[in-house]
Amino acid sequence: MSGVWRSLLWKEWREQRFKLLAITLFTATIVAWPWLFDSNGTLYEAFVVIGFFCILSLGLFVGASLAASERSQRTVGFLQSLTHSTRRTAIAKLVMAALTVASPGVVLFVAVKVWESLGYIPANHGISAAAFAAIAWAAFSFAIWVAAIAVNLDDEVRAGAVGFLAVALFWGVFAVAVDQWLPASEELIQAMAASGPGGPLLISIEICEAPQREFALLPPRPIGRLVVLAAISTLAMALLYVWHFGRVAPAQRKSVESTAKSVVPAWLAPPMRKAWNAILWKQCCESLPLSMLGAGAILCVSVFIAVASRGDQGGILRDGLLAMSIPVWILIGGLVTIVSGIGLWLDDLRPELHMFWRSRPIATGQWFVLKFATSAIITLATLALPSLVIYGLLTAFGERPVWNLYGGDDWRMPVLLALISQFGFFCVAAAFMAATRRPMVSALLTIFTAAGFGFCLLPPFSLEATGSAVVIAAISAIATAAGWLCIRNDWAIGR
Amino acid sequence: MSQVSNSDASAKFAIELQGVCKSFRRTQVLSNLTMRVERGKTFAFLGRNGAGKTTSIRMLLGLLNRDQGEVRVLGLDPTAEPLKVRARVGYLAEDQQMYGWMRVEEIVRFVAPFYATWDHDLALKYLREFELPLATKIKHLSKGQNVRLGLVLALAHRPELVILDDPALGLDPVMRKQFNRDLVTHLQGEGRTVFYSSHLLYEVEPVADEVAILDGGRLVRQADTETLRRDVKQFVLDRSALAALRDDMSVLELQRAGDDAAVTVQNASAVRALLDREGIGYRMNDLNLDEIFAAYVAGKVDDDAGARAAVDELAPQR
Amino acid sequence: MFLRIEKGSAAPISRQIAHQIASLCAAGKLKPGERLPSVRELARDLGVNQNTILRVYERLSGDGLLEMRQGQGTFVADGARANASPGQRTRLLDELRQIARQAQSLGLSSEQIHELLSVALGELDEQAAHDLAGNLS
């Protein structure tokens with residue numbers, strides 16, 4: 001290995017090692033938890049749920065970090081000035097990202113094997129090595145799609161948002177395609193799914209289902225083709241990423257603008273009247289675009305799915321649409337609130353901007369409360385908007401009463417829980433951001449917290465809806481208080 | 001100290017530091033810093049990178065807490081009443097960035113309501129004089145425009161005291177000259193107290209009333225520029241003569257070449273009188289501010305260890 | 001009035017400005033009664049502290065070169081040319097002393113130094129004659 005490669009990998013290792021360590025430790029904790037409480041009955045389900053959440057979010061955040069971390073650290077110029085190509089840096093980044101996303105899979109796999117040997121889990125009940133590899137690959141595939149699409153964006157939050165939107169769009173289009181072609185061409189659909197972001201998940205499912213198919217005397221599906229397709233798509237995205245990484249001219253746009261003849265101002269609009277007015281305005285400008293993007297994504301995905309399933313439903317504007325939009329809202333909304341919580345402090349805690357507002361006669365308490373409340377309200381309200389609109393449309397024009405599906409009041413609790421958990425995501429992400437001042441680390445810590453909470457729903461705790469709401473509210477309150485302390489006293493970990 | 005003399009002091013001095021110490025973990029950044037800045041003066045705060053300039057300035061604004069000592073800004077303690085201090089001080093941070101997504105006009109209107117004394121017409125006047133494009137986003141401004149916008153935001157509330165942390169950093173020579181002009185017309189012309197840090201001494205000299213030189217967290221000299229030039233001179237004389245006079249000289253820097261020794265002292269008139277009285281031949285060189293600064297902050301090693309060693313080495317030749 | 005500030009010079013700014021105004025007076029380029037830029041204007045033009053300019057004006061007024069009239073501005077004093085001469089003379093003497101010391105350290109005798117000065121003066125005369133001839137033709 002040449003010196004350049006060694007030093008590039010060393011840099012990535014130094015930057016990522018704590019992330020890697022945290023993810024590995026987290027997974028190990030998950031694995032140890034059911035063992036401690038001797039509740040292996042629910043182990044398999046826990047793996048599936050947490051595993052899926054981790055793959056999606058891990059892929060997203062690692063991808064965002066791949067795409068934008070050098071831009072947000074303002075180090076692209078330095079990388080460009082080095083004698084070797086920025087493509088080598090990109091490859092080193094990919095290697096490290098692969099390690100990061102693979103680590104949970106490796107830990108889980110080892111744990112499962114250990115348990116099998118100890119007799120906690122019946123042998124062969126667990127998942128094969130190939131399936132684990134495919135799951136890790138799926139996470140990497142998510143990451144590389146996000147990275148390739150969002151490469152060279154200004155910061156991680158933007159990259160995450162754009163990447164996520166693109167991935168959501170892909171699967172939305174996919175849903176429509178399924179609707180169009182499914183009975184006729186299953187092969188085509190499978191090929192499309194395998195080559196999409198997170199496509200290797202399909203391979204993993206096929207591997208897991210193979211014994212069952214055998215049991216049902218169905219002919220085994222060939223997965224070789226899927227592997228090839230998924231490999232091609234991953235490779236293509238990797239090439240796209242490596243090709244474009246660092247290919248930006250930071251100064252170009254700037255010089256164009258500043259050479260434009262400056263117009264001597266003749267009139268200046270009056271100042272904003274009150275301090276709270278100004279803070280409110282600023283926070284709206286910062287929070288609205290992201291929330292609108294999230295709401296747009298929720299609406300698009302719900303409508304896509306509704307369009308896709310209109311045959312079963314007998315029309316688009318049915319309660320099926322609402323039934324779809326709520327889970328979509330819960331899933332996408334959860335991710336967007338994390339990003340929004342991080343975004344609450346992302347700009348204001350950048351070293352150079354931090355001093356700008358700190359050095360003004362701005363009361364920190366007012367700043368914190370207004371920002372926090374405005375951003376939380378805007379984010380939660382905007383994200384809930386698509387479902388509300390759909391609900392309104394259904395009550396006005398729908399053919400059946402909308403609560404048919406959920407039966408009476410049953411739908412209220414999930415919605416309330418979803419709202420409060422989104423608020424929880426927001427609070428926890430904002431608190432971690434205030435404490436660590438590093439977006440990707442905060443995102444991961446928030447996901448860990450959420451997954452940790454997820455275990456409270458399982459035995460031995462088995463929290464019910466009300467209990468969950470109380471626990472989430474408590475976590476949010478603690479997180480907000482901690483965030484406030486960090487902001488007020490200008491504390492940060494590792495500074 | 002009685003209450004009366006306290007208020008007298010705050011009426012006379014815009015900034016007072018008394019025995020201020022500050023450490024970050026184990027690194028001592030400021031040690032026993034004592035300094036006073038008279039109202040209405042332009043005060044340049046000089047030091048090498050890492051000498052503690054930015055730390056001191058952040059302390060003046062209550063952005064950092066001191067470990068020891070007293071700080072008074074316009075008679076107020078910035079730790080106890082940071083908002084009051086910040087409302088009356090105009091501050092431009094080192095390499096200050098502003099919210100890139102805001103337009104010039106938007107940031108001016110955004111910052112305005114935080115200051116009770118904000119003068120929107122004055123802001124517009126500055127914006128015009130600085131030829132800042134109102135509708136341009138801040139991320140698209142050039143570096144010089146960025147500094148000027150920061151200056152508008154620091155001045156439009158008519159602060160009594162203006163604190164500028166290395167404003168000339170990153171400006172090209174033409175812009176630096178323009179900046180000095182702005183400083184002279186807009187700040188000195190209106191009788192404000194200006195406290196600014198820099199490491200470009202030849203830019204500082206024409207503008208500053210007084211300079212303070214900070215080195216390793218200590219104040220090594222505070223004086224007006226003319227006094228500094230009068231007091232700090234270089235004498236070239238015979239090495240053997242130097243050894244005898246060493247104790248009466250306040251040596252900043254010592255260089256040797258052959259039989260000659262070039263010694264920079266900070267009590268030039270006394271040394272000159274002494275040399276004349278003793279009848280020792282010498283040549284006296286005027287120094288520019290850069291050389292004076294270098295003698296204080298870089299020649300120091302020679303003074304403490306090197307110079308003494310050098311003198312000791314000379315001693316046997318006597 | 002053109003003034004030039006040399007930044008980073010060993011001569012303090014105030015001395016540079018004072019010398020230049022004094023030589024302009026001595027050379028008759030600034031005529032008695034002529035109005036000088038205000039302290040504020042000159043400070044802005046040169047990018048120099050107003051107090052420095054004020055000090056220079058005050059010092060030159062003290063030397064009888066300038067006259068500061070309350071509320072009207074600063075003017076060149078009546079006897080400026082005459083008053084500037086002694087100062088200029090002292091300065092010239094200083095510079096000559098400097099040169100003489102250099103010459104001595106090169107080992108030149110005082111006759112040789114005089115001789116060099118005569119050569120320099122001769123060259124200047126020649127130059128003047130040449131210019132005159134050029135103008136006539």
# chains A, B, ... in the order shown; residues from 1 in each chain; ligands from 1
>>> residues_around(residues="Ile149 of chain A", least_positions_apart="5", cutoff="10 Å", atoms="only C-alpha atoms", output="MDAnalysis selection string")
chainID A and resid 63:64 67 144 159:160 162:164 166:167 237 240:241 244
>>> write_last_selection(atoms="C-alpha atoms", output="PDB file, in the first residue's frame")
ATOM      1  CA  GLY A  63     -24.469   8.765   2.988  1.00  0.00           C
ATOM      2  CA  ALA A  64     -25.062  12.382   3.976  1.00  0.00           C
ATOM      3  CA  ALA A  67     -21.581  13.538   0.445  1.00  0.00           C
ATOM      4  CA  ILE A 144     -23.968   5.210  -1.589  1.00  0.00           C
ATOM      5  CA  ALA A 159     -27.396  16.289   1.739  1.00  0.00           C
ATOM      6  CA  GLY A 160     -29.526  14.100   3.989  1.00  0.00           C
ATOM      7  CA  VAL A 162     -31.948  15.733  -0.792  1.00  0.00           C
ATOM      8  CA  GLY A 163     -30.695  12.165  -0.648  1.00  0.00           C
ATOM      9  CA  PHE A 164     -33.703  11.020   1.294  1.00  0.00           C
ATOM     10  CA  ALA A 166     -34.461  11.088  -4.028  1.00  0.00           C
ATOM     11  CA  VAL A 167     -34.613   7.651  -2.430  1.00  0.00           C
ATOM     12  CA  MET A 237     -23.347   4.854  -7.747  1.00  0.00           C
ATOM     13  CA  LEU A 240     -20.689   8.466  -9.781  1.00  0.00           C
ATOM     14  CA  TYR A 241     -19.746   9.512  -6.257  1.00  0.00           C
ATOM     15  CA  HIS A 244     -17.977  13.952  -8.725  1.00  0.00           C
TER      16      HIS A 244
END
>>> atom_distance(atom1="atom CA of Val339 of chain A", atom2="atom CA of Val157 of chain A")
6.3 Å
>>> closest_atom_pairs(of="chain B", to="chain C", cutoff="9 Å", atoms="only C-alpha atoms", output="Markdown table")
| residue | atom | partner | partner_atom | distance |
| --- | --- | --- | --- | --- |
| B:Thr42 | CA | C:Asn49 | CA | 8.4 |
| B:Lys177 | CA | C:Gly47 | CA | 6.9 |
| B:Gln178 | CA | C:Gly47 | CA | 7.8 |
| B:Phe179 | CA | C:Gly47 | CA | 8.6 |
| B:Asn180 | CA | C:Gly47 | CA | 5.5 |
| B:Arg181 | CA | C:Gly47 | CA | 4.6 |
| B:Asp182 | CA | C:Arg44 | CA | 7.9 |
| B:Leu183 | CA | C:Gly47 | CA | 8.3 |
| B:Val184 | CA | C:Asn49 | CA | 6.1 |
| B:Thr185 | CA | C:Arg44 | CA | 6.0 |
| B:Gln188 | CA | C:Gln50 | CA | 7.2 |
| B:Gly189 | CA | C:Arg40 | CA | 7.3 |
| B:Leu201 | CA | C:Gly8 | CA | 7.9 |
| B:Tyr202 | CA | C:Gly8 | CA | 5.0 |
| B:Glu203 | CA | C:Lys7 | CA | 7.4 |
| B:Glu205 | CA | C:Ile13 | CA | 7.8 |
| B:Pro206 | CA | C:Val48 | CA | 4.7 |
| B:Val207 | CA | C:Asn49 | CA | 4.4 |
| B:Ala208 | CA | C:Asn49 | CA | 6.5 |
| B:Asp209 | CA | C:Asn49 | CA | 7.3 |
| B:Thr225 | CA | C:Pro12 | CA | 8.2 |
| B:Glu226 | CA | C:Pro12 | CA | 6.8 |
| B:Arg229 | CA | C:Pro12 | CA | 7.3 |
| B:Asn285 | CA | C:Ala10 | CA | 8.6 |
| B:Asp286 | CA | C:Ala10 | CA | 5.6 |
| B:Leu287 | CA | C:Ala10 | CA | 5.0 |
| B:Asn288 | CA | C:Ala10 | CA | 4.1 |
| B:Leu289 | CA | C:Gly8 | CA | 6.7 |
| B:Asp290 | CA | C:Gly8 | CA | 7.0 |
>>> write_last_selection(atoms="N, CA and C atoms", output="PDB file, in the first residue's frame")
ATOM      1  N   THR B  42      -7.898  55.889  20.167  1.00  0.00           N
ATOM      2  CA  THR B  42      -7.820  54.722  19.302  1.00  0.00           C
ATOM      3  C   THR B  42      -6.667  53.867  19.799  1.00  0.00           C
ATOM      4  N   LYS B 177      -6.149  50.159   3.133  1.00  0.00           N
ATOM      5  CA  LYS B 177      -6.013  51.610   3.159  1.00  0.00           C
ATOM      6  C   LYS B 177      -7.388  52.251   3.315  1.00  0.00           C
ATOM      7  N   GLN B 178      -8.341  51.720   2.547  1.00  0.00           N
ATOM      8  CA  GLN B 178      -9.704  52.228   2.629  1.00  0.00           C
ATOM      9  C   GLN B 178     -10.262  52.011   4.034  1.00  0.00           C
ATOM     10  N   PHE B 179      -9.923  50.861   4.598  1.00  0.00           N
ATOM     11  CA  PHE B 179     -10.408  50.559   5.944  1.00  0.00           C
ATOM     12  C   PHE B 179      -9.847  51.562   6.957  1.00  0.00           C
ATOM     13  N   ASN B 180      -8.573  51.876   6.821  1.00  0.00           N
ATOM     14  CA  ASN B 180      -7.970  52.873   7.722  1.00  0.00           C
ATOM     15  C   ASN B 180      -8.673  54.214   7.587  1.00  0.00           C
ATOM     16  N   ARG B 181      -9.002  54.567   6.362  1.00  0.00           N
ATOM     17  CA  ARG B 181      -9.715  55.817   6.131  1.00  0.00           C
ATOM     18  C   ARG B 181     -11.080  55.783   6.811  1.00  0.00           C
ATOM     19  N   ASP B 182     -11.772  54.653   6.642  1.00  0.00           N
ATOM     20  CA  ASP B 182     -13.085  54.514   7.279  1.00  0.00           C
ATOM     21  C   ASP B 182     -12.956  54.684   8.783  1.00  0.00           C
ATOM     22  N   LEU B 183     -11.923  54.067   9.313  1.00  0.00           N
ATOM     23  CA  LEU B 183     -11.684  54.126  10.753  1.00  0.00           C
ATOM     24  C   LEU B 183     -11.488  55.566  11.191  1.00  0.00           C
ATOM     25  N   VAL B 184     -10.667  56.289  10.435  1.00  0.00           N
ATOM     26  CA  VAL B 184     -10.348  57.666  10.808  1.00  0.00           C
ATOM     27  C   VAL B 184     -11.585  58.550  10.699  1.00  0.00           C
ATOM     28  N   THR B 185     -12.329  58.411   9.586  1.00  0.00           N
ATOM     29  CA  THR B 185     -13.487  59.309   9.418  1.00  0.00           C
ATOM     30  C   THR B 185     -14.649  58.914  10.307  1.00  0.00           C
ATOM     31  N   GLN B 188     -12.884  57.883  14.642  1.00  0.00           N
ATOM     32  CA  GLN B 188     -12.171  58.955  15.333  1.00  0.00           C
ATOM     33  C   GLN B 188     -12.898  60.275  15.152  1.00  0.00           C
ATOM     34  N   GLY B 189     -13.447  60.439  13.933  1.00  0.00           N
ATOM     35  CA  GLY B 189     -14.130  61.676  13.640  1.00  0.00           C
ATOM     36  C   GLY B 189     -15.327  61.911  14.543  1.00  0.00           C
ATOM     37  N   LEU B 201       1.674  46.037  11.791  1.00  0.00           N
ATOM     38  CA  LEU B 201       2.038  47.234  12.544  1.00  0.00           C
ATOM     39  C   LEU B 201       2.099  48.483  11.704  1.00  0.00           C
ATOM     40  N   TYR B 202       2.595  48.348  10.480  1.00  0.00           N
ATOM     41  CA  TYR B 202       2.720  49.564   9.671  1.00  0.00           C
ATOM     42  C   TYR B 202       1.349  50.106   9.291  1.00  0.00           C
ATOM     43  N   GLU B 203       0.314  49.248   9.376  1.00  0.00           N
ATOM     44  CA  GLU B 203      -1.040  49.734   9.152  1.00  0.00           C
ATOM     45  C   GLU B 203      -1.592  50.411  10.408  1.00  0.00           C
ATOM     46  N   GLU B 205       0.217  51.985  12.838  1.00  0.00           N
ATOM     47  CA  GLU B 205       0.920  53.178  13.305  1.00  0.00           C
ATOM     48  C   GLU B 205       0.256  54.496  12.928  1.00  0.00           C
ATOM     49  N   PRO B 206      -0.157  54.666  11.668  1.00  0.00           N
ATOM     50  CA  PRO B 206      -0.738  55.975  11.334  1.00  0.00           C
ATOM     51  C   PRO B 206      -2.050  56.245  12.076  1.00  0.00           C
ATOM     52  N   VAL B 207      -2.728  55.188  12.480  1.00  0.00           N
ATOM     53  CA  VAL B 207      -4.080  55.356  12.969  1.00  0.00           C
ATOM     54  C   VAL B 207      -4.166  55.399  14.493  1.00  0.00           C
ATOM     55  N   ALA B 208      -3.315  54.636  15.144  1.00  0.00           N
ATOM     56  CA  ALA B 208      -3.486  54.446  16.587  1.00  0.00           C
ATOM     57  C   ALA B 208      -2.943  55.612  17.401  1.00  0.00           C
ATOM     58  N   ASP B 209      -3.676  55.932  18.515  1.00  0.00           N
ATOM     59  CA  ASP B 209      -3.124  56.861  19.489  1.00  0.00           C
ATOM     60  C   ASP B 209      -2.124  56.134  20.378  1.00  0.00           C
ATOM     61  N   THR B 225       2.538  55.731  20.114  1.00  0.00           N
ATOM     62  CA  THR B 225       3.533  55.279  19.134  1.00  0.00           C
ATOM     63  C   THR B 225       4.784  56.145  19.132  1.00  0.00           C
ATOM     64  N   GLU B 226       4.623  57.445  19.339  1.00  0.00           N
ATOM     65  CA  GLU B 226       5.797  58.322  19.291  1.00  0.00           C
ATOM     66  C   GLU B 226       6.715  58.065  20.480  1.00  0.00           C
ATOM     67  N   ARG B 229       8.626  54.935  19.822  1.00  0.00           N
ATOM     68  CA  ARG B 229       9.739  55.157  18.903  1.00  0.00           C
ATOM     69  C   ARG B 229      10.891  55.900  19.559  1.00  0.00           C
ATOM     70  N   ASN B 285      20.514  53.755  16.022  1.00  0.00           N
ATOM     71  CA  ASN B 285      19.604  53.586  14.888  1.00  0.00           C
ATOM     72  C   ASN B 285      18.148  53.764  15.325  1.00  0.00           C
ATOM     73  N   ASP B 286      17.408  54.543  14.547  1.00  0.00           N
ATOM     74  CA  ASP B 286      15.957  54.580  14.754  1.00  0.00           C
ATOM     75  C   ASP B 286      15.367  53.269  14.241  1.00  0.00           C
ATOM     76  N   LEU B 287      14.330  52.848  14.886  1.00  0.00           N
ATOM     77  CA  LEU B 287      13.687  51.602  14.464  1.00  0.00           C
ATOM     78  C   LEU B 287      12.266  51.899  14.012  1.00  0.00           C
ATOM     79  N   ASN B 288      11.803  51.129  13.040  1.00  0.00           N
ATOM     80  CA  ASN B 288      10.389  51.275  12.701  1.00  0.00           C
ATOM     81  C   ASN B 288       9.555  50.389  13.633  1.00  0.00           C
ATOM     82  N   LEU B 289       8.250  50.560  13.579  1.00  0.00           N
ATOM     83  CA  LEU B 289       7.383  49.892  14.545  1.00  0.00           C
ATOM     84  C   LEU B 289       7.470  48.367  14.448  1.00  0.00           C
ATOM     85  N   ASP B 290       7.653  47.882  13.224  1.00  0.00           N
ATOM     86  CA  ASP B 290       7.793  46.441  13.049  1.00  0.00           C
ATOM     87  C   ASP B 290       8.993  45.905  13.824  1.00  0.00           C
TER      88      ASP B 290
END
>>> residues_around(residues="Leu171 of chain B", least_positions_apart="3", cutoff="9 Å", atoms="only C-alpha atoms", output="ChimeraX atom specification")
/B:143-144,147,167-168,174-176,179
>>> write_last_selection(atoms="N, CA and C atoms", output="short mmCIF file (atom, residue, chain, number, x, y, z; two decimals), in the first residue's frame")
data_model
loop_
_atom_site.label_atom_id
_atom_site.label_comp_id
_atom_site.auth_asym_id
_atom_site.auth_seq_id
_atom_site.Cartn_x
_atom_site.Cartn_y
_atom_site.Cartn_z
N LYS B 143 -14.75 39.33 0.33
CA LYS B 143 -14.20 39.42 1.68
C LYS B 143 -14.24 40.85 2.22
N GLY B 144 -13.86 41.78 1.36
CA GLY B 144 -13.86 43.17 1.79
C GLY B 144 -15.27 43.66 2.11
N VAL B 147 -16.32 42.37 5.53
CA VAL B 147 -15.79 43.14 6.65
C VAL B 147 -16.57 44.44 6.81
N PRO B 167 -9.49 43.42 12.13
CA PRO B 167 -10.38 43.67 10.99
C PRO B 167 -9.63 43.66 9.66
N ALA B 168 -8.35 43.96 9.68
CA ALA B 168 -7.61 44.06 8.41
C ALA B 168 -7.22 42.70 7.87
N VAL B 174 -5.18 47.65 -0.89
CA VAL B 174 -6.07 48.76 -1.24
C VAL B 174 -7.23 48.83 -0.25
N MET B 175 -7.79 47.66 0.05
CA MET B 175 -8.91 47.63 0.98
C MET B 175 -8.46 48.03 2.39
N ARG B 176 -7.23 47.67 2.74
CA ARG B 176 -6.74 48.03 4.08
C ARG B 176 -6.62 49.54 4.21
N PHE B 179 -9.92 50.86 4.60
CA PHE B 179 -10.41 50.56 5.94
C PHE B 179 -9.85 51.56 6.96
#
>>> atom_distance(atom1="atom CA of Arg128 of chain B", atom2="atom CA of Asp166 of chain B")
23.6 Å
>>> residues_around(residues="Val271 of chain B", least_positions_apart="6", cutoff="9 Å", atoms="only C-alpha atoms", output="list in words")
Phe235, Leu245, Asp248, Met249, Ser250 and Val265 of chain B
>>> select_by_dssp(residues="chain C", states="helix (DSSP H, G or I)", output="MDAnalysis selection string")
chainID C and resid 13:26 39:46 50:62 80:105 110:136
>>> residues_around(residues="Val301 of chain A", least_positions_apart="3", cutoff="12 Å", atoms="only C-alpha atoms", output="PyMOL selection string")
chain A and resi 164-176+294-298+304-308+321-322+324-329+331-332+386-387
>>> write_last_selection(atoms="C-alpha atoms", output="CSV table (one decimal), in the first residue's frame")
chain,number,residue,atom,x,y,z
A,164,PHE,CA,-33.7,11.0,1.3
A,165,LEU,CA,-36.1,12.7,-1.0
A,166,ALA,CA,-34.5,11.1,-4.0
A,167,VAL,CA,-34.6,7.7,-2.4
A,168,ALA,CA,-38.2,8.2,-1.4
A,169,LEU,CA,-39.0,9.3,-5.0
A,170,PHE,CA,-37.4,6.2,-6.4
A,171,TRP,CA,-39.5,3.9,-4.3
A,172,GLY,CA,-42.6,5.9,-5.0
A,173,VAL,CA,-42.0,5.5,-8.7
A,174,PHE,CA,-41.3,1.9,-8.0
A,175,ALA,CA,-44.7,1.5,-6.3
A,176,VAL,CA,-46.4,2.8,-9.4
A,294,GLY,CA,-40.5,16.6,4.3
A,295,ALA,CA,-44.2,17.3,3.9
A,296,GLY,CA,-43.9,17.1,0.1
A,297,ALA,CA,-42.1,13.8,0.4
A,298,ILE,CA,-44.9,12.4,2.7
A,304,PHE,CA,-47.8,7.2,-5.1
A,305,ILE,CA,-48.7,4.3,-2.9
A,306,ALA,CA,-52.4,5.1,-3.1
A,307,VAL,CA,-52.1,5.3,-6.9
A,308,ALA,CA,-50.3,2.0,-6.9
A,321,LEU,CA,-54.9,6.9,1.2
A,322,LEU,CA,-55.2,8.1,4.8
A,324,MET,CA,-51.1,4.9,3.9
A,325,SER,CA,-50.2,8.5,4.7
A,326,ILE,CA,-50.1,7.9,8.4
A,327,PRO,CA,-47.4,5.3,8.5
A,328,VAL,CA,-45.5,7.2,5.8
A,329,TRP,CA,-45.9,10.4,8.0
A,331,LEU,CA,-41.6,7.1,9.2
A,332,ILE,CA,-40.5,10.1,7.1
A,386,PRO,CA,-50.4,16.1,4.3
A,387,SER,CA,-52.3,13.7,6.5
>>> closest_residue(among="B:Gln266, B:Gln145, B:Gln68, B:Ser240", to="chain A", atoms="only C-alpha atoms")
B:Gln145
>>> closest_residue(among="A:Ala97, A:Leu346, A:Ala194, A:Met355", to="chain B", atoms="only C-alpha atoms")
A:Met355
>>> closest_atom_pairs(of="chain B", to="chain A", cutoff="9 Å", atoms="only C-alpha atoms", output="CSV")
residue,atom,partner,partner_atom,distance
B:Arg58,CA,A:Ser359,CA,8.4
B:Leu61,CA,A:Ser359,CA,6.6
B:Gly62,CA,A:Ser359,CA,8.2
B:Leu63,CA,A:Ser359,CA,7.0
B:Pro82,CA,A:Pro361,CA,7.6
B:Leu83,CA,A:Pro361,CA,4.6
B:Lys84,CA,A:Pro361,CA,7.0
B:Val85,CA,A:Pro361,CA,7.8
B:Arg86,CA,A:Pro361,CA,5.0
B:Ala87,CA,A:Pro361,CA,5.1
B:Arg88,CA,A:Pro361,CA,8.7
B:Val89,CA,A:Arg360,CA,8.9
B:Gly90,CA,A:Arg360,CA,8.6
B:Tyr91,CA,A:Ser359,CA,7.2
B:Leu92,CA,A:Phe356,CA,8.4
B:Ala93,CA,A:Met355,CA,7.3
B:Glu94,CA,A:Glu352,CA,8.6
B:Asp95,CA,A:Glu352,CA,7.6
B:Gln96,CA,A:Glu352,CA,6.1
B:Gln97,CA,A:Glu352,CA,5.5
B:Met98,CA,A:Leu353,CA,6.0
B:Tyr99,CA,A:Leu353,CA,7.1
B:Met102,CA,A:Lys282,CA,8.9
B:Glu105,CA,A:Leu268,CA,6.9
B:Glu106,CA,A:Pro271,CA,8.7
B:Val108,CA,A:Pro271,CA,7.4
B:Arg109,CA,A:Pro271,CA,4.1
B:Phe110,CA,A:Ala278,CA,5.4
B:Val111,CA,A:Ala278,CA,7.7
B:Ala112,CA,A:Pro271,CA,5.8
B:Pro113,CA,A:Ala275,CA,5.0
B:Phe114,CA,A:Ala275,CA,5.4
B:Tyr115,CA,A:Pro361,CA,7.0
B:His120,CA,A:Pro271,CA,7.2
B:Asp121,CA,A:Leu268,CA,8.5
B:Ala123,CA,A:Leu268,CA,9.0
B:Leu124,CA,A:Leu268,CA,6.6
B:Leu127,CA,A:Pro265,CA,7.3
B:Arg128,CA,A:Val264,CA,5.9
B:Glu129,CA,A:Val264,CA,8.6
B:Phe130,CA,A:Val264,CA,9.0
B:Glu131,CA,A:Val264,CA,5.6
B:Leu132,CA,A:Ser262,CA,6.6
B:Pro133,CA,A:Ser262,CA,5.2
B:Leu134,CA,A:Pro265,CA,6.2
B:Ala135,CA,A:Pro265,CA,8.9
B:Thr136,CA,A:Glu257,CA,8.5
B:Lys139,CA,A:Lys254,CA,7.8
B:His140,CA,A:Lys254,CA,5.2
B:Leu141,CA,A:Ser258,CA,6.0
B:Ser142,CA,A:Ser258,CA,5.8
B:Gln145,CA,A:Ser258,CA,8.9
>>> atom_distance(atom1="atom CA of Ser233 of chain A", atom2="atom CA of Phe142 of chain A")
11.1 Å
>>> select_by_dssp(residues="segment 12-225 of chain B", states="strand (DSSP E)", output="PyMOL selection string")
chain B and resi 13-24+27-38+42-47+68-73+89-92+161-165+193-198+210-215+218-224
